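Listing of work-v5.txt; format and content: compact mmCIF, C-alpha atoms.
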# COMPACT_ATOMS: atom_id res chain seq x y z
CA MET A 1 -29.20 31.25 13.72
CA GLN A 2 -32.18 29.85 15.41
CA ALA A 3 -33.50 31.76 18.43
CA ASP A 4 -35.09 28.81 20.25
CA PRO A 5 -33.17 25.58 19.70
CA GLY A 6 -35.75 23.69 21.77
CA PHE A 7 -35.76 22.28 25.25
CA TYR A 8 -34.55 18.76 25.84
CA GLY A 9 -35.30 17.18 29.21
CA PRO A 10 -32.75 15.08 31.09
CA LEU A 11 -32.12 11.61 29.80
CA GLN A 12 -33.61 8.81 31.85
CA TYR A 13 -31.39 6.10 33.28
CA SER A 14 -32.07 2.51 32.41
CA PRO A 15 -33.97 0.55 35.12
CA ALA A 16 -31.08 -1.93 35.10
CA TRP A 17 -28.93 0.60 37.01
CA LEU A 18 -31.56 0.79 39.77
CA TRP A 19 -31.51 -2.99 40.15
CA CYS A 20 -27.69 -3.08 40.12
CA GLY A 21 -27.57 -0.49 42.91
CA ALA A 22 -30.16 -2.38 44.97
CA ALA A 23 -28.25 -5.64 44.49
CA LEU A 24 -25.01 -3.97 45.56
CA LEU A 25 -26.66 -2.63 48.74
CA ALA A 26 -28.09 -6.08 49.45
CA LEU A 27 -24.64 -7.66 49.00
CA VAL A 28 -23.04 -5.19 51.41
CA ALA A 29 -25.79 -5.73 53.99
CA GLY A 30 -25.46 -9.50 53.57
CA TRP A 31 -21.69 -9.31 54.04
CA TYR A 32 -22.08 -7.37 57.29
CA ALA A 33 -24.67 -9.88 58.54
CA TYR A 34 -22.39 -12.81 57.64
CA VAL A 35 -19.35 -11.30 59.37
CA PHE A 36 -21.36 -10.46 62.48
CA ALA A 37 -22.94 -13.92 62.66
CA SER A 38 -19.71 -15.82 62.02
CA THR A 39 -17.74 -13.94 64.69
CA ARG A 40 -20.46 -14.46 67.29
CA LYS A 41 -20.44 -18.23 66.75
CA ALA A 42 -16.67 -18.37 67.13
CA GLU A 43 -16.82 -16.34 70.32
CA ARG A 44 -19.47 -18.64 71.82
CA SER A 45 -17.50 -21.76 70.97
CA ALA A 46 -14.33 -20.18 72.38
CA GLN A 47 -16.14 -19.46 75.64
CA ARG A 48 -17.29 -23.07 75.84
CA SER A 49 -13.79 -24.36 75.14
CA SER A 50 -12.20 -22.07 77.73
CA LYS A 51 -13.50 -24.26 80.54
CA PRO A 52 -10.66 -25.88 82.44
CA GLY A 53 -10.04 -29.54 81.88
CA ARG A 54 -8.14 -31.46 79.27
CA SER A 55 -9.76 -32.66 76.15
CA ALA A 56 -9.79 -36.39 75.55
CA LEU A 57 -7.35 -35.84 72.69
CA THR A 58 -4.62 -34.32 74.86
CA ASP A 59 -1.77 -36.71 75.60
CA LEU A 60 -0.49 -35.06 78.77
CA PRO A 61 2.74 -37.08 79.20
CA ALA A 62 3.80 -36.36 75.61
CA LEU A 63 2.82 -32.70 76.01
CA LYS A 64 4.87 -32.43 79.19
CA ALA A 65 7.87 -34.05 77.52
CA ALA A 66 7.66 -31.67 74.54
CA TYR A 67 7.47 -28.56 76.70
CA LEU A 68 10.19 -29.74 79.06
CA GLN A 69 12.44 -30.25 76.04
CA ARG A 70 11.67 -26.74 74.76
CA ILE A 71 12.34 -25.22 78.20
CA ASN A 72 15.67 -27.09 78.28
CA GLU A 73 16.53 -25.74 74.80
CA VAL A 74 15.91 -22.16 75.95
CA GLU A 75 18.09 -22.74 79.02
CA GLU A 76 20.89 -24.19 76.87
CA ALA A 77 20.67 -21.33 74.35
CA ALA A 78 20.97 -18.80 77.17
CA ALA A 79 23.91 -20.69 78.71
CA ALA A 80 25.66 -20.79 75.32
CA GLY A 81 25.17 -17.03 74.89
CA HIS A 82 22.87 -17.35 71.87
CA LEU A 83 20.01 -15.78 73.80
CA GLU A 84 20.01 -12.85 76.21
CA ALA A 85 18.73 -13.42 79.73
CA ARG A 86 15.68 -11.17 79.35
CA GLY A 87 14.71 -12.85 76.09
CA ALA A 88 15.19 -16.26 77.67
CA HIS A 89 12.89 -15.34 80.55
CA GLN A 90 10.27 -14.07 78.12
CA GLN A 91 10.46 -17.32 76.15
CA LEU A 92 10.18 -19.35 79.35
CA SER A 93 7.06 -17.43 80.31
CA LEU A 94 5.60 -17.92 76.85
CA LEU A 95 6.39 -21.64 76.93
CA LEU A 96 4.72 -22.05 80.31
CA ARG A 97 1.65 -20.15 79.13
CA GLY A 98 1.58 -22.23 75.94
CA PHE A 99 1.71 -25.39 78.00
CA VAL A 100 -1.25 -24.20 80.08
CA ARG A 101 -3.16 -23.43 76.88
CA ASP A 102 -2.42 -26.82 75.35
CA ALA A 103 -3.10 -28.75 78.56
CA THR A 104 -6.31 -27.02 79.63
CA GLY A 105 -7.70 -25.12 76.65
CA VAL A 106 -7.47 -21.81 78.55
CA ASP A 107 -5.68 -19.28 76.35
CA ALA A 108 -3.11 -18.24 78.93
CA THR A 109 -0.74 -16.64 76.43
CA ARG A 110 -2.39 -13.26 76.87
CA MET A 111 -3.18 -13.46 80.58
CA THR A 112 -1.44 -11.64 83.39
CA HIS A 113 -0.52 -13.50 86.54
CA HIS A 114 -3.62 -12.01 88.20
CA ASP A 115 -5.78 -13.49 85.42
CA LEU A 116 -4.07 -16.85 85.84
CA ALA A 117 -4.61 -16.75 89.60
CA ARG A 118 -8.33 -16.02 89.11
CA HIS A 119 -8.60 -19.13 86.96
CA PRO A 120 -7.93 -22.39 88.71
CA LEU A 121 -4.29 -22.20 87.56
CA PRO A 122 -2.38 -21.15 90.68
CA ALA A 123 0.79 -23.13 89.90
CA ALA A 124 1.21 -21.35 86.59
CA ALA A 125 0.33 -18.01 88.16
CA ASP A 126 3.06 -18.40 90.78
CA VAL A 127 5.75 -19.16 88.20
CA VAL A 128 4.61 -16.38 85.87
CA GLN A 129 4.69 -13.95 88.79
CA ALA A 130 8.22 -15.10 89.62
CA LEU A 131 9.26 -14.54 85.98
CA TYR A 132 7.79 -11.01 85.79
CA PRO A 133 10.81 -9.15 87.26
CA ALA A 134 13.14 -11.02 84.93
CA GLU A 135 10.96 -10.20 81.92
CA PHE A 136 10.17 -6.57 82.61
CA GLY A 137 12.09 -5.35 85.65
CA PRO A 138 14.96 -2.88 85.47
CA GLY A 139 17.04 -4.55 88.15
CA PRO A 140 19.52 -7.39 87.93
CA LEU A 141 18.07 -10.45 86.28
CA PRO A 142 17.85 -13.76 88.09
CA SER A 143 19.60 -16.78 86.66
CA VAL A 144 17.97 -18.33 83.61
CA SER A 145 18.65 -21.81 85.00
CA VAL A 146 16.72 -21.00 88.20
CA SER A 147 13.77 -19.66 86.20
CA ALA A 148 13.89 -22.65 83.87
CA ALA A 149 13.86 -24.97 86.88
CA LYS A 150 10.73 -23.22 88.19
CA ALA A 151 9.02 -23.49 84.82
CA SER A 152 10.03 -27.16 84.47
CA ALA A 153 8.74 -27.92 87.98
CA ALA A 154 5.39 -26.34 87.13
CA VAL A 155 5.13 -28.44 83.97
CA ARG A 156 6.16 -31.64 85.76
CA SER A 157 3.68 -31.10 88.60
CA TRP A 158 0.77 -30.57 86.22
CA SER A 159 -1.89 -33.25 86.47
Any chance you could put this one into structure tokens?
Amino acid sequence: MQADPGFYGPLQYSPAWLWCGAALLALVAGWYAYVFASTRKAERSAQRSSKPGRSALTDLPALKAAYLQRINEVEEAAAAGHLEARGAHQQLSLLLRGFVRDATGVDATRMTHHDLARHPLPAAADVVQALYPAEFGPGPLPSVSVSAAKASAAVRSWS
């Protein structure tokens, strides 16, 4: 047997692996830059569109009619027993907030009544505040027809 088999140094990697690694790092950095830039543009345009006032494309009478019909459907479903009172009140609140969003461009679906009152949307804020105990309160629930009438009045009075 041979005493000294010889020393072999480590094998060198091909330079192609270095370039592949650099390209992969560049792709990841580019992806992060793209995601950051694209979300910032959307946020800026959302802030511009959150200004109150209807767009020229909004047909307010048709929008009112559509939401009044949907409010009436919720009231009828609750009267027929297909929908519980708490669920009906939550749907009425969501419909009113959706109407505000569609009529003004302000995303009211995630706003509290305090947020709505801070915006120039006091009519919606008053109705949403009146619906709060029926949506979340532990006590006896008010009539769905009374709440639907309040929501319908807010939609009808919108100008």
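Between Ser152 in chain A and the candidates A:Ala79, A:Ile71, A:Met111, A:Ala124, the tightest atom-to-atom separation, counting all atoms listed in the file, involves A:Ile71.
Between CA of Arg86 in chain A and CA of Ala117 in chain A lies a distance of 23.4 Å.
The residue that comes closest to Val100 in chain A, out of A:Ala77, A:Leu116, A:Leu11, A:Ala88 and on the basis of only C-alpha atoms, is A:Leu116.
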Neighbour list for Ala85 in chain A as a short mmCIF file (atom, residue, chain, number, x, y, z; two decimals) with C-alpha atoms, keeping the file's coordinate frame, cut-off 10 Å, all atoms listed in the file, skip fewer than 6 positions in-chain:
data_model
loop_
_atom_site.label_atom_id
_atom_site.label_comp_id
_atom_site.auth_asym_id
_atom_site.auth_seq_id
_atom_site.Cartn_x
_atom_site.Cartn_y
_atom_site.Cartn_z
CA VAL A 74 15.91 -22.16 75.95
CA GLU A 75 18.09 -22.74 79.02
CA ALA A 77 20.67 -21.33 74.35
CA ALA A 78 20.97 -18.80 77.17
CA ALA A 79 23.91 -20.69 78.71
CA GLN A 91 10.46 -17.32 76.15
CA ALA A 134 13.14 -11.02 84.93
CA GLU A 135 10.96 -10.20 81.92
CA LEU A 141 18.07 -10.45 86.28
CA PRO A 142 17.85 -13.76 88.09
CA SER A 143 19.60 -16.78 86.66
CA VAL A 144 17.97 -18.33 83.61
CA SER A 145 18.65 -21.81 85.00
#
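Straight-line separation from CA of Leu131 in chain A to CA of Ala62 in chain A: 24.8 Å.
Remark: for Arg101 in chain A, the closest of the candidate residues A:Leu83, A:Leu24, A:Leu63, A:Ala130 is A:Leu63 (distances computed over all atoms listed in the file).
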To one decimal place in Å, what is the distance between CA of Ala26 in chain A and CA of Thr39 in chain A?
20.0 Å
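Closest to Asp59 in chain A among A:Ser14, A:Ala103, A:Leu25, A:Gly30 is A:Ala103, based on only C-alpha atoms.
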Residues near Gln69 in chain A, anyone? I mean within 12 Å using all atoms listed in the file, not counting same-chain ones fewer than 2 positions away, as a ChimeraX atom specification.
/A:62-67,71-76,92,95,99,148,151-152,155-156
